[in-house]
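Pasting protein_9.cif here (mmCIF, N, CA and C atoms):
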data_structure
loop_
_atom_site.label_atom_id
_atom_site.label_comp_id
_atom_site.auth_asym_id
_atom_site.auth_seq_id
_atom_site.Cartn_x
_atom_site.Cartn_y
_atom_site.Cartn_z
N MET A 112 37.53 95.54 97.32
CA MET A 112 37.83 96.95 97.49
C MET A 112 39.13 97.08 98.28
N THR A 113 40.04 97.86 97.75
CA THR A 113 41.33 98.05 98.42
C THR A 113 41.32 99.33 99.24
N THR A 114 41.97 99.23 100.37
CA THR A 114 42.11 100.40 101.23
C THR A 114 43.56 100.87 101.12
N GLU A 115 43.72 102.12 100.70
CA GLU A 115 45.06 102.67 100.58
C GLU A 115 45.54 103.19 101.93
N ALA A 116 46.79 102.93 102.22
CA ALA A 116 47.39 103.47 103.43
C ALA A 116 47.83 104.91 103.15
N PHE A 117 47.78 105.73 104.15
CA PHE A 117 48.22 107.11 103.98
C PHE A 117 48.78 107.61 105.31
N ALA A 118 49.54 108.67 105.21
CA ALA A 118 50.07 109.33 106.40
C ALA A 118 49.33 110.66 106.55
N ASP A 119 48.66 110.84 107.65
CA ASP A 119 47.88 112.05 107.90
C ASP A 119 48.81 113.15 108.43
N LEU A 120 48.96 114.21 107.66
CA LEU A 120 49.84 115.31 108.03
C LEU A 120 49.08 116.49 108.64
N SER A 121 47.86 116.26 109.04
CA SER A 121 47.04 117.33 109.62
C SER A 121 47.68 117.92 110.87
N GLY A 122 48.29 117.08 111.68
CA GLY A 122 48.94 117.56 112.89
C GLY A 122 50.09 118.50 112.57
N LEU A 123 50.84 118.19 111.52
CA LEU A 123 51.94 119.07 111.12
C LEU A 123 51.42 120.38 110.56
N GLU A 124 50.31 120.32 109.87
CA GLU A 124 49.69 121.55 109.35
C GLU A 124 49.26 122.44 110.51
N THR A 125 48.69 121.85 111.54
CA THR A 125 48.28 122.59 112.72
C THR A 125 49.50 123.21 113.41
N LEU A 126 50.60 122.45 113.47
CA LEU A 126 51.83 122.96 114.07
C LEU A 126 52.34 124.18 113.31
N LEU A 127 52.32 124.11 111.97
CA LEU A 127 52.76 125.26 111.16
C LEU A 127 51.88 126.48 111.43
N GLN A 128 50.58 126.27 111.52
CA GLN A 128 49.67 127.39 111.79
C GLN A 128 49.95 127.99 113.16
N SER A 129 50.23 127.15 114.14
CA SER A 129 50.55 127.63 115.49
C SER A 129 51.84 128.44 115.49
N GLN A 130 52.81 128.01 114.70
CA GLN A 130 54.08 128.74 114.63
C GLN A 130 53.90 130.09 113.96
N GLU A 131 53.06 130.16 112.96
CA GLU A 131 52.78 131.44 112.29
C GLU A 131 52.08 132.39 113.26
N ALA A 132 51.15 131.87 114.06
CA ALA A 132 50.41 132.69 115.03
C ALA A 132 51.32 133.14 116.16
N GLY A 133 52.27 132.29 116.54
CA GLY A 133 53.21 132.63 117.59
C GLY A 133 52.68 132.35 118.99
N ILE A 134 53.54 132.59 119.96
CA ILE A 134 53.20 132.38 121.37
C ILE A 134 53.67 133.60 122.17
N GLU A 135 53.19 133.69 123.39
CA GLU A 135 53.70 134.70 124.32
C GLU A 135 54.54 133.99 125.36
N VAL A 136 55.71 134.52 125.60
CA VAL A 136 56.60 133.99 126.63
C VAL A 136 56.52 134.92 127.83
N GLU A 137 56.13 134.37 128.96
CA GLU A 137 56.09 135.15 130.19
C GLU A 137 57.50 135.16 130.77
N ILE A 138 58.07 136.35 130.90
CA ILE A 138 59.46 136.48 131.35
C ILE A 138 59.53 136.35 132.87
N LEU A 139 60.50 135.55 133.29
CA LEU A 139 60.69 135.27 134.71
C LEU A 139 62.00 135.89 135.18
N ASN A 140 62.06 136.22 136.48
CA ASN A 140 63.31 136.72 137.04
C ASN A 140 64.21 135.53 137.39
N GLU A 141 65.33 135.82 138.02
CA GLU A 141 66.31 134.77 138.33
C GLU A 141 65.78 133.76 139.36
N GLN A 142 64.69 134.11 140.04
CA GLN A 142 64.09 133.20 141.02
C GLN A 142 62.91 132.43 140.43
N GLY A 143 62.68 132.62 139.13
CA GLY A 143 61.59 131.91 138.46
C GLY A 143 60.23 132.54 138.66
N LYS A 144 60.19 133.79 139.07
CA LYS A 144 58.92 134.48 139.28
C LYS A 144 58.66 135.46 138.13
N PRO A 145 57.41 135.53 137.65
CA PRO A 145 57.08 136.45 136.56
C PRO A 145 57.39 137.90 136.93
N ILE A 146 57.94 138.64 135.96
CA ILE A 146 58.26 140.05 136.19
C ILE A 146 57.18 140.98 135.61
N GLY A 147 56.16 140.38 134.97
CA GLY A 147 55.07 141.19 134.42
C GLY A 147 55.25 141.53 132.95
N LEU A 148 56.24 140.96 132.29
CA LEU A 148 56.49 141.22 130.87
C LEU A 148 56.23 139.96 130.07
N LYS A 149 55.45 140.10 128.99
CA LYS A 149 55.21 138.99 128.06
C LYS A 149 55.72 139.41 126.69
N ILE A 150 56.41 138.48 126.04
CA ILE A 150 56.99 138.77 124.73
C ILE A 150 56.46 137.76 123.72
N GLY A 151 55.96 138.26 122.59
CA GLY A 151 55.43 137.42 121.52
C GLY A 151 56.53 137.04 120.55
N ILE A 152 56.52 135.75 120.15
CA ILE A 152 57.54 135.24 119.22
C ILE A 152 56.89 134.21 118.31
N VAL A 153 57.34 134.16 117.06
CA VAL A 153 56.85 133.15 116.12
C VAL A 153 57.77 131.93 116.17
N GLY A 154 57.31 130.84 115.57
CA GLY A 154 58.05 129.58 115.62
C GLY A 154 59.13 129.44 114.56
N PRO A 155 59.98 128.41 114.72
CA PRO A 155 61.13 128.23 113.84
C PRO A 155 60.79 127.96 112.38
N ASP A 156 59.60 127.42 112.11
CA ASP A 156 59.21 127.12 110.73
C ASP A 156 58.31 128.19 110.12
N SER A 157 58.03 129.25 110.87
CA SER A 157 57.15 130.30 110.36
C SER A 157 57.84 131.09 109.25
N ASP A 158 57.04 131.68 108.40
CA ASP A 158 57.59 132.51 107.33
C ASP A 158 58.42 133.66 107.90
N ARG A 159 57.93 134.26 108.96
CA ARG A 159 58.64 135.40 109.56
C ARG A 159 60.01 134.99 110.09
N MET A 160 60.08 133.83 110.76
CA MET A 160 61.37 133.37 111.30
C MET A 160 62.31 133.00 110.16
N GLN A 161 61.81 132.35 109.15
CA GLN A 161 62.66 131.97 108.02
C GLN A 161 63.20 133.22 107.30
N LYS A 162 62.35 134.23 107.13
CA LYS A 162 62.80 135.48 106.52
C LYS A 162 63.83 136.16 107.42
N ALA A 163 63.61 136.13 108.72
CA ALA A 163 64.56 136.73 109.67
C ALA A 163 65.93 136.08 109.51
N MET A 164 65.96 134.76 109.41
CA MET A 164 67.25 134.07 109.27
C MET A 164 67.94 134.43 107.96
N ARG A 165 67.18 134.51 106.88
CA ARG A 165 67.77 134.91 105.59
C ARG A 165 68.29 136.34 105.64
N ASP A 166 67.49 137.25 106.18
CA ASP A 166 67.88 138.66 106.25
C ASP A 166 69.13 138.86 107.12
N VAL A 167 69.18 138.19 108.25
CA VAL A 167 70.32 138.35 109.15
C VAL A 167 71.57 137.72 108.54
N THR A 168 71.42 136.61 107.86
CA THR A 168 72.56 135.99 107.17
C THR A 168 73.12 136.96 106.14
N ALA A 169 72.25 137.59 105.37
CA ALA A 169 72.69 138.55 104.36
C ALA A 169 73.35 139.77 105.02
N GLU A 170 72.76 140.25 106.12
CA GLU A 170 73.29 141.41 106.85
C GLU A 170 74.71 141.12 107.36
N PHE A 171 74.91 139.94 107.94
CA PHE A 171 76.22 139.60 108.49
C PHE A 171 77.23 139.29 107.38
N ALA A 172 76.76 138.73 106.26
CA ALA A 172 77.65 138.48 105.12
C ALA A 172 78.14 139.80 104.53
N LYS A 173 77.23 140.77 104.44
CA LYS A 173 77.61 142.09 103.93
C LYS A 173 78.63 142.74 104.85
N ALA A 174 78.41 142.64 106.17
CA ALA A 174 79.35 143.22 107.13
C ALA A 174 80.71 142.56 107.04
N ALA A 175 80.73 141.25 106.83
CA ALA A 175 81.99 140.51 106.68
C ALA A 175 82.72 140.96 105.42
N ALA A 176 81.98 141.12 104.33
CA ALA A 176 82.59 141.56 103.08
C ALA A 176 83.17 142.97 103.23
N GLU A 177 82.47 143.83 103.95
CA GLU A 177 82.96 145.19 104.19
C GLU A 177 84.22 145.19 105.05
N ARG A 178 84.32 144.21 105.95
CA ARG A 178 85.53 144.08 106.77
C ARG A 178 86.68 143.47 105.96
N GLY A 179 86.34 142.90 104.81
CA GLY A 179 87.35 142.26 103.97
C GLY A 179 87.70 140.86 104.45
N SER A 180 86.83 140.29 105.26
CA SER A 180 87.06 138.95 105.78
C SER A 180 85.75 138.19 105.81
N LEU A 181 85.76 136.98 105.30
CA LEU A 181 84.55 136.17 105.33
C LEU A 181 84.44 135.38 106.63
N GLU A 182 85.44 135.50 107.49
CA GLU A 182 85.37 134.83 108.79
C GLU A 182 84.47 135.62 109.73
N ALA A 183 83.78 134.90 110.58
CA ALA A 183 82.88 135.54 111.54
C ALA A 183 83.67 136.34 112.56
N ALA A 184 83.14 137.49 112.92
CA ALA A 184 83.73 138.28 114.01
C ALA A 184 83.46 137.53 115.31
N PRO A 185 84.27 137.75 116.34
CA PRO A 185 84.12 137.02 117.60
C PRO A 185 82.72 137.06 118.22
N ASP A 186 82.01 138.18 118.10
CA ASP A 186 80.69 138.29 118.72
C ASP A 186 79.54 138.01 117.75
N ASP A 187 79.84 137.51 116.55
CA ASP A 187 78.79 137.28 115.55
C ASP A 187 77.73 136.28 116.00
N GLY A 188 78.11 135.25 116.74
CA GLY A 188 77.14 134.24 117.15
C GLY A 188 76.01 134.82 117.96
N ASP A 189 76.35 135.54 119.02
CA ASP A 189 75.33 136.18 119.84
C ASP A 189 74.59 137.25 119.05
N GLY A 190 75.34 138.01 118.28
CA GLY A 190 74.73 139.08 117.48
C GLY A 190 73.72 138.55 116.48
N ARG A 191 74.05 137.44 115.85
CA ARG A 191 73.12 136.83 114.89
C ARG A 191 71.84 136.38 115.59
N MET A 192 72.00 135.70 116.71
CA MET A 192 70.81 135.19 117.42
C MET A 192 69.94 136.34 117.89
N VAL A 193 70.55 137.37 118.44
CA VAL A 193 69.79 138.55 118.89
C VAL A 193 69.04 139.17 117.71
N ALA A 194 69.72 139.31 116.58
CA ALA A 194 69.10 139.92 115.40
C ALA A 194 67.94 139.08 114.87
N ILE A 195 68.12 137.77 114.82
CA ILE A 195 67.05 136.88 114.35
C ILE A 195 65.86 136.94 115.30
N LEU A 196 66.13 136.82 116.59
CA LEU A 196 65.03 136.86 117.55
C LEU A 196 64.30 138.20 117.51
N ALA A 197 65.03 139.29 117.34
CA ALA A 197 64.40 140.61 117.28
C ALA A 197 63.44 140.69 116.09
N LYS A 198 63.84 140.15 114.95
CA LYS A 198 62.98 140.16 113.76
C LYS A 198 61.78 139.24 113.91
N ALA A 199 61.93 138.19 114.71
CA ALA A 199 60.86 137.21 114.91
C ALA A 199 59.96 137.55 116.09
N THR A 200 60.29 138.59 116.84
CA THR A 200 59.47 139.01 117.97
C THR A 200 58.34 139.88 117.44
N THR A 201 57.13 139.55 117.84
CA THR A 201 55.96 140.24 117.30
C THR A 201 55.45 141.39 118.17
N HIS A 202 55.69 141.29 119.47
CA HIS A 202 55.19 142.32 120.40
C HIS A 202 55.72 142.05 121.79
N TRP A 203 55.53 143.03 122.66
CA TRP A 203 55.70 142.80 124.09
C TRP A 203 54.64 143.60 124.82
N ALA A 204 54.30 143.14 126.00
CA ALA A 204 53.28 143.83 126.79
C ALA A 204 53.52 143.56 128.27
N PRO A 205 53.41 144.59 129.07
CA PRO A 205 53.37 146.01 128.69
C PRO A 205 54.76 146.46 128.27
N ASN A 206 54.85 147.72 127.84
CA ASN A 206 56.17 148.26 127.51
C ASN A 206 57.05 148.22 128.76
N PRO A 207 58.28 147.72 128.63
CA PRO A 207 59.17 147.71 129.79
C PRO A 207 59.69 149.12 130.10
N LYS A 208 60.17 149.27 131.31
CA LYS A 208 60.74 150.55 131.74
C LYS A 208 62.13 150.25 132.28
N ILE A 209 63.12 151.00 131.80
CA ILE A 209 64.51 150.85 132.26
C ILE A 209 64.98 152.21 132.74
N GLY A 210 65.40 152.27 133.99
CA GLY A 210 65.88 153.53 134.55
C GLY A 210 64.87 154.65 134.45
N GLY A 211 63.59 154.32 134.62
CA GLY A 211 62.55 155.34 134.55
C GLY A 211 62.08 155.66 133.15
N GLN A 212 62.73 155.11 132.12
CA GLN A 212 62.35 155.41 130.74
C GLN A 212 61.57 154.24 130.15
N VAL A 213 60.37 154.53 129.63
CA VAL A 213 59.54 153.51 128.99
C VAL A 213 60.12 153.21 127.61
N ILE A 214 60.23 151.93 127.29
CA ILE A 214 60.81 151.49 126.02
C ILE A 214 59.68 150.94 125.13
N PRO A 215 59.29 151.69 124.09
CA PRO A 215 58.23 151.19 123.21
C PRO A 215 58.74 150.05 122.33
N PHE A 216 57.82 149.23 121.86
CA PHE A 216 58.18 148.10 121.01
C PHE A 216 58.66 148.57 119.64
N SER A 217 59.83 148.10 119.25
CA SER A 217 60.36 148.26 117.90
C SER A 217 61.45 147.21 117.74
N GLU A 218 61.79 146.87 116.52
CA GLU A 218 62.84 145.87 116.31
C GLU A 218 64.16 146.30 116.95
N GLU A 219 64.49 147.56 116.80
CA GLU A 219 65.73 148.07 117.39
C GLU A 219 65.72 147.96 118.92
N ASN A 220 64.59 148.30 119.53
CA ASN A 220 64.48 148.22 120.98
C ASN A 220 64.51 146.77 121.46
N VAL A 221 63.94 145.87 120.67
CA VAL A 221 63.99 144.45 121.01
C VAL A 221 65.45 143.97 120.97
N ARG A 222 66.18 144.36 119.94
CA ARG A 222 67.60 144.00 119.85
C ARG A 222 68.37 144.49 121.07
N ASN A 223 68.11 145.74 121.43
CA ASN A 223 68.80 146.32 122.59
C ASN A 223 68.44 145.58 123.88
N LEU A 224 67.16 145.25 124.05
CA LEU A 224 66.71 144.54 125.25
C LEU A 224 67.38 143.16 125.33
N TYR A 225 67.36 142.42 124.22
CA TYR A 225 67.96 141.08 124.20
C TYR A 225 69.47 141.14 124.40
N SER A 226 70.10 142.19 123.89
CA SER A 226 71.55 142.34 124.06
C SER A 226 71.91 142.68 125.49
N LYS A 227 71.11 143.54 126.11
CA LYS A 227 71.41 143.99 127.47
C LYS A 227 71.05 142.93 128.52
N PHE A 228 69.91 142.26 128.33
CA PHE A 228 69.41 141.33 129.33
C PHE A 228 69.40 139.90 128.78
N ARG A 229 70.50 139.22 128.94
CA ARG A 229 70.63 137.84 128.46
C ARG A 229 69.56 136.93 129.07
N ILE A 230 69.17 137.20 130.32
CA ILE A 230 68.16 136.38 130.99
C ILE A 230 66.83 136.43 130.23
N ILE A 231 66.52 137.55 129.63
CA ILE A 231 65.29 137.68 128.84
C ILE A 231 65.47 136.98 127.50
N ARG A 232 66.57 137.27 126.83
CA ARG A 232 66.84 136.67 125.53
C ARG A 232 66.81 135.15 125.60
N GLU A 233 67.44 134.59 126.60
CA GLU A 233 67.52 133.13 126.69
C GLU A 233 66.14 132.50 126.88
N GLN A 234 65.27 133.17 127.63
CA GLN A 234 63.92 132.62 127.82
C GLN A 234 63.13 132.63 126.52
N VAL A 235 63.28 133.70 125.75
CA VAL A 235 62.59 133.78 124.46
C VAL A 235 63.21 132.78 123.48
N GLU A 236 64.52 132.73 123.45
CA GLU A 236 65.23 131.84 122.52
C GLU A 236 64.87 130.38 122.75
N VAL A 237 64.88 129.93 123.99
CA VAL A 237 64.63 128.52 124.26
C VAL A 237 63.23 128.11 123.81
N ARG A 238 62.28 129.01 123.88
CA ARG A 238 60.92 128.71 123.42
C ARG A 238 60.81 128.83 121.91
N ALA A 239 61.49 129.82 121.32
CA ALA A 239 61.38 130.08 119.90
C ALA A 239 61.97 128.97 119.04
N VAL A 240 63.01 128.32 119.51
CA VAL A 240 63.69 127.31 118.69
C VAL A 240 63.07 125.92 118.80
N ARG A 241 62.17 125.73 119.75
CA ARG A 241 61.55 124.41 119.96
C ARG A 241 60.16 124.37 119.34
N ARG A 242 59.98 123.47 118.40
CA ARG A 242 58.66 123.31 117.80
C ARG A 242 57.62 122.95 118.85
N SER A 243 58.04 122.19 119.84
CA SER A 243 57.09 121.76 120.88
C SER A 243 56.51 122.93 121.65
N SER A 244 57.17 124.08 121.64
CA SER A 244 56.63 125.27 122.32
C SER A 244 55.34 125.74 121.67
N PHE A 245 55.08 125.33 120.43
CA PHE A 245 53.96 125.83 119.66
C PHE A 245 52.82 124.82 119.55
N THR A 246 52.88 123.75 120.34
CA THR A 246 51.80 122.78 120.37
C THR A 246 50.83 123.16 121.48
N LYS A 247 49.62 122.72 121.36
CA LYS A 247 48.58 123.08 122.33
C LYS A 247 48.93 122.62 123.74
N SER A 248 49.70 121.54 123.85
CA SER A 248 50.01 121.00 125.18
C SER A 248 51.17 121.71 125.86
N SER A 249 51.84 122.63 125.14
CA SER A 249 53.00 123.29 125.75
C SER A 249 52.55 124.29 126.81
N SER A 250 53.38 124.46 127.81
CA SER A 250 53.08 125.35 128.93
C SER A 250 53.27 126.80 128.51
N PRO A 251 52.40 127.72 128.94
CA PRO A 251 52.54 129.12 128.57
C PRO A 251 53.69 129.81 129.31
N ALA A 252 54.16 129.26 130.40
CA ALA A 252 55.25 129.87 131.15
C ALA A 252 56.57 129.62 130.45
N SER A 253 57.55 130.42 130.75
CA SER A 253 58.86 130.29 130.15
C SER A 253 59.58 129.06 130.65
N ALA A 254 60.49 128.56 129.84
CA ALA A 254 61.29 127.39 130.22
C ALA A 254 62.35 127.80 131.22
N ASP A 255 62.82 126.84 131.98
CA ASP A 255 63.89 127.11 132.97
C ASP A 255 65.18 127.46 132.30
#
As structure tokens, please, write out the structure in this file.
Amino acid sequence: MTTEAFADLSGLETLLQSQEAGIEVEILNEQGKPIGLKIGIVGPDSDRMQKAMRDVTAEFAKAAAERGSLEAAPDDGDGRMVAILAKATTHWAPNPKIGGQVIPFSEENVRNLYSKFRIIREQVEVRAVRRSSFTKSSSPASAD
């Protein structure tokens, strides 16, 4: 009787499921202390993230064509990342308040938050782009 060798991909399947479900990133202030805001984000291999990247690529290509130049505008890099992350963000809790005004969750408001507060965007981004953030052993707190 022969025993066939195989590679078990169950762990990768679990990783994909975790990325689809997403994680919550606890936002920290500049001193590394939680500010009371948690933001949900899906993983880099999730359908939602992949669609976000395709949609944003098309959006920026259309804008470039309208400008009559296929070269990226100087702020396109940050703008693209903010747009992708906004589309891949699933929720936040509780609603943040800026200058006394409560900001409800919406893609547009997420874009504005990530554009205005780089410290928040970077914490979400560093977790969103790492597959290891979506494994069971990853820490729920934000990365440094």
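Going from atom C of Glu219 (chain A) over to atom C of Gln161 (chain A), you cover 18.9 Å.
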Exercise for review: Carefully work through the PyMOL selection byres (((chain A and resi 232 and name CA) around 10) and name CA) for this structure and note down the residues it includes, as a PyMOL selection string.
Suggested key: chain A and resi 138+192-193+196-197+221-222+224-231+233-237
**Study point:** Selection result for the PyMOL selection byres ((chain A and resi 134-137) around 8) on this file, as a VMD selection string
**Key:** chain A and resid 129 to 133 138 to 140 144 to 154 234 to 235 238 244 to 245 250 to 254
I need the chosen residues saved as a tab-separated table (two decimals), in the frame of the given file, with N, CA and C atoms.
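Listed below is the output, selection_10.tsv:
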chain	number	residue	atom	x	y	z
A	129	SER	N	50.23	127.15	114.14
A	129	SER	CA	50.55	127.63	115.49
A	129	SER	C	51.84	128.44	115.49
A	130	GLN	N	52.81	128.01	114.70
A	130	GLN	CA	54.08	128.74	114.63
A	130	GLN	C	53.90	130.09	113.96
A	131	GLU	N	53.06	130.16	112.96
A	131	GLU	CA	52.78	131.44	112.29
A	131	GLU	C	52.08	132.39	113.26
A	132	ALA	N	51.15	131.87	114.06
A	132	ALA	CA	50.41	132.69	115.03
A	132	ALA	C	51.32	133.14	116.16
A	133	GLY	N	52.27	132.29	116.54
A	133	GLY	CA	53.21	132.63	117.59
A	133	GLY	C	52.68	132.35	118.99
A	138	ILE	N	58.07	136.35	130.90
A	138	ILE	CA	59.46	136.48	131.35
A	138	ILE	C	59.53	136.35	132.87
A	139	LEU	N	60.50	135.55	133.29
A	139	LEU	CA	60.69	135.27	134.71
A	139	LEU	C	62.00	135.89	135.18
A	140	ASN	N	62.06	136.22	136.48
A	140	ASN	CA	63.31	136.72	137.04
A	140	ASN	C	64.21	135.53	137.39
A	144	LYS	N	60.19	133.79	139.07
A	144	LYS	CA	58.92	134.48	139.28
A	144	LYS	C	58.66	135.46	138.13
A	145	PRO	N	57.41	135.53	137.65
A	145	PRO	CA	57.08	136.45	136.56
A	145	PRO	C	57.39	137.90	136.93
A	146	ILE	N	57.94	138.64	135.96
A	146	ILE	CA	58.26	140.05	136.19
A	146	ILE	C	57.18	140.98	135.61
A	147	GLY	N	56.16	140.38	134.97
A	147	GLY	CA	55.07	141.19	134.42
A	147	GLY	C	55.25	141.53	132.95
A	148	LEU	N	56.24	140.96	132.29
A	148	LEU	CA	56.49	141.22	130.87
A	148	LEU	C	56.23	139.96	130.07
A	149	LYS	N	55.45	140.10	128.99
A	149	LYS	CA	55.21	138.99	128.06
A	149	LYS	C	55.72	139.41	126.69
A	150	ILE	N	56.41	138.48	126.04
A	150	ILE	CA	56.99	138.77	124.73
A	150	ILE	C	56.46	137.76	123.72
A	151	GLY	N	55.96	138.26	122.59
A	151	GLY	CA	55.43	137.42	121.52
A	151	GLY	C	56.53	137.04	120.55
A	152	ILE	N	56.52	135.75	120.15
A	152	ILE	CA	57.54	135.24	119.22
A	152	ILE	C	56.89	134.21	118.31
A	153	VAL	N	57.34	134.16	117.06
A	153	VAL	CA	56.85	133.15	116.12
A	153	VAL	C	57.77	131.93	116.17
A	154	GLY	N	57.31	130.84	115.57
A	154	GLY	CA	58.05	129.58	115.62
A	154	GLY	C	59.13	129.44	114.56
A	234	GLN	N	65.27	133.17	127.63
A	234	GLN	CA	63.92	132.62	127.82
A	234	GLN	C	63.13	132.63	126.52
A	235	VAL	N	63.28	133.70	125.75
A	235	VAL	CA	62.59	133.78	124.46
A	235	VAL	C	63.21	132.78	123.48
A	238	ARG	N	62.28	129.01	123.88
A	238	ARG	CA	60.92	128.71	123.42
A	238	ARG	C	60.81	128.83	121.91
A	244	SER	N	57.17	124.08	121.64
A	244	SER	CA	56.63	125.27	122.32
A	244	SER	C	55.34	125.74	121.67
A	245	PHE	N	55.08	125.33	120.43
A	245	PHE	CA	53.96	125.83	119.66
A	245	PHE	C	52.82	124.82	119.55
A	250	SER	N	53.38	124.46	127.81
A	250	SER	CA	53.08	125.35	128.93
A	250	SER	C	53.27	126.80	128.51
A	251	PRO	N	52.40	127.72	128.94
A	251	PRO	CA	52.54	129.12	128.57
A	251	PRO	C	53.69	129.81	129.31
A	252	ALA	N	54.16	129.26	130.40
A	252	ALA	CA	55.25	129.87	131.15
A	252	ALA	C	56.57	129.62	130.45
A	253	SER	N	57.55	130.42	130.75
A	253	SER	CA	58.86	130.29	130.15
A	253	SER	C	59.58	129.06	130.65
A	254	ALA	N	60.49	128.56	129.84
A	254	ALA	CA	61.29	127.39	130.22
A	254	ALA	C	62.35	127.80	131.22
Centre, x/y/z edge lengths, axis-aligned box for region 156-159 of chain A with 6 Å per side, as AutoDock Vina command-line options:
--center_x 58.5 --center_y 131.3 --center_z 109.7 --size_x 15.0 --size_y 20.3 --size_z 16.8
Practice item. From region 137-244 of chain A, collect each residue whose DSSP state is alpha helix (DSSP H) and return the set as JSON, numbers by chain. Key: {"A": [158, 159, 160, 161, 162, 163, 164, 165, 166, 167, 168, 169, 170, 171, 172, 173, 174, 175, 176, 177, 178, 187, 188, 189, 190, 191, 192, 193, 194, 195, 196, 197, 198, 199, 218, 219, 220, 221, 222, 223, 224, 225, 226, 227, 229, 230, 231, 232, 233, 234, 235, 236, 237, 238, 239]}
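Of the listed residues (A:Ile195, A:Asp189, A:Thr200, A:Gly179), A:Ile195 comes nearest to Met164 (chain A); the distances count all atoms listed in the file.
Taking CA of Gln128 (chain A) and CA of Arg241 (chain A) as the two end points, the separation is 14.7 Å.
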Exercise for review: Would you mind writing down, as an NGL selection string, each residue of region 164-213 of chain A that DSSP on the backbone assigns to strand (DSSP E)?
Suggested key: :A and (200-204 or 208-209 or 212-213)
Check your understanding: By how many Å are CA of Lys198 (chain A) and CA of Leu120 (chain A) apart?
Key -> 28.7 Å
**Study point:** Which of A:Ala118, A:Leu126, A:Asn220, A:Arg159 sits closest to Lys208 (chain A) [using only C-alpha atoms]
**Key:** A:Asn220
Point to revise | Closest of A:Lys162, A:Glu170, A:Ala199, A:Ala204 to Glu218 (chain A) - atom-to-atom distances counting all atoms listed in the file | key: A:Ala199
Because the input lacks atoms here, generate all heavy atoms for region 225-229 of chain A and report them as a compact mmCIF listing (two decimals), in the coordinates of the input.
# COMPACT_ATOMS: atom_id res chain seq x y z
N TYR A 225 67.36 142.42 124.22
CA TYR A 225 67.96 141.08 124.20
C TYR A 225 69.47 141.14 124.40
O TYR A 225 70.05 140.24 124.99
CB TYR A 225 67.64 140.35 122.90
CG TYR A 225 66.18 139.95 122.73
CD1 TYR A 225 65.70 139.59 121.48
CD2 TYR A 225 65.29 139.93 123.80
CE1 TYR A 225 64.38 139.20 121.30
CE2 TYR A 225 63.97 139.56 123.62
CZ TYR A 225 63.51 139.19 122.37
OH TYR A 225 62.21 138.81 122.19
N SER A 226 70.10 142.19 123.89
CA SER A 226 71.55 142.34 124.06
C SER A 226 71.91 142.68 125.49
O SER A 226 72.89 142.17 126.03
CB SER A 226 72.09 143.44 123.13
OG SER A 226 71.92 143.07 121.79
N LYS A 227 71.11 143.54 126.11
CA LYS A 227 71.41 143.99 127.47
C LYS A 227 71.05 142.93 128.52
O LYS A 227 71.78 142.73 129.49
CB LYS A 227 70.66 145.29 127.76
CG LYS A 227 70.94 145.83 129.14
CD LYS A 227 70.34 147.20 129.34
CE LYS A 227 70.72 147.70 130.72
NZ LYS A 227 70.76 149.13 130.81
N PHE A 228 69.91 142.26 128.33
CA PHE A 228 69.41 141.33 129.33
C PHE A 228 69.40 139.90 128.78
O PHE A 228 68.39 139.44 128.24
CB PHE A 228 68.00 141.73 129.80
CG PHE A 228 67.96 143.08 130.45
CD1 PHE A 228 67.41 144.16 129.78
CD2 PHE A 228 68.46 143.26 131.73
CE1 PHE A 228 67.36 145.41 130.38
CE2 PHE A 228 68.42 144.51 132.34
CZ PHE A 228 67.88 145.59 131.66
N ARG A 229 70.50 139.22 128.94
CA ARG A 229 70.63 137.84 128.46
C ARG A 229 69.56 136.93 129.07
O ARG A 229 69.07 136.02 128.42
CB ARG A 229 72.03 137.33 128.76
CG ARG A 229 72.31 136.00 128.12
CD ARG A 229 73.78 135.58 128.33
NE ARG A 229 74.04 134.40 127.56
CZ ARG A 229 74.63 134.39 126.38
NH1 ARG A 229 75.04 135.51 125.84
NH2 ARG A 229 74.82 133.26 125.73
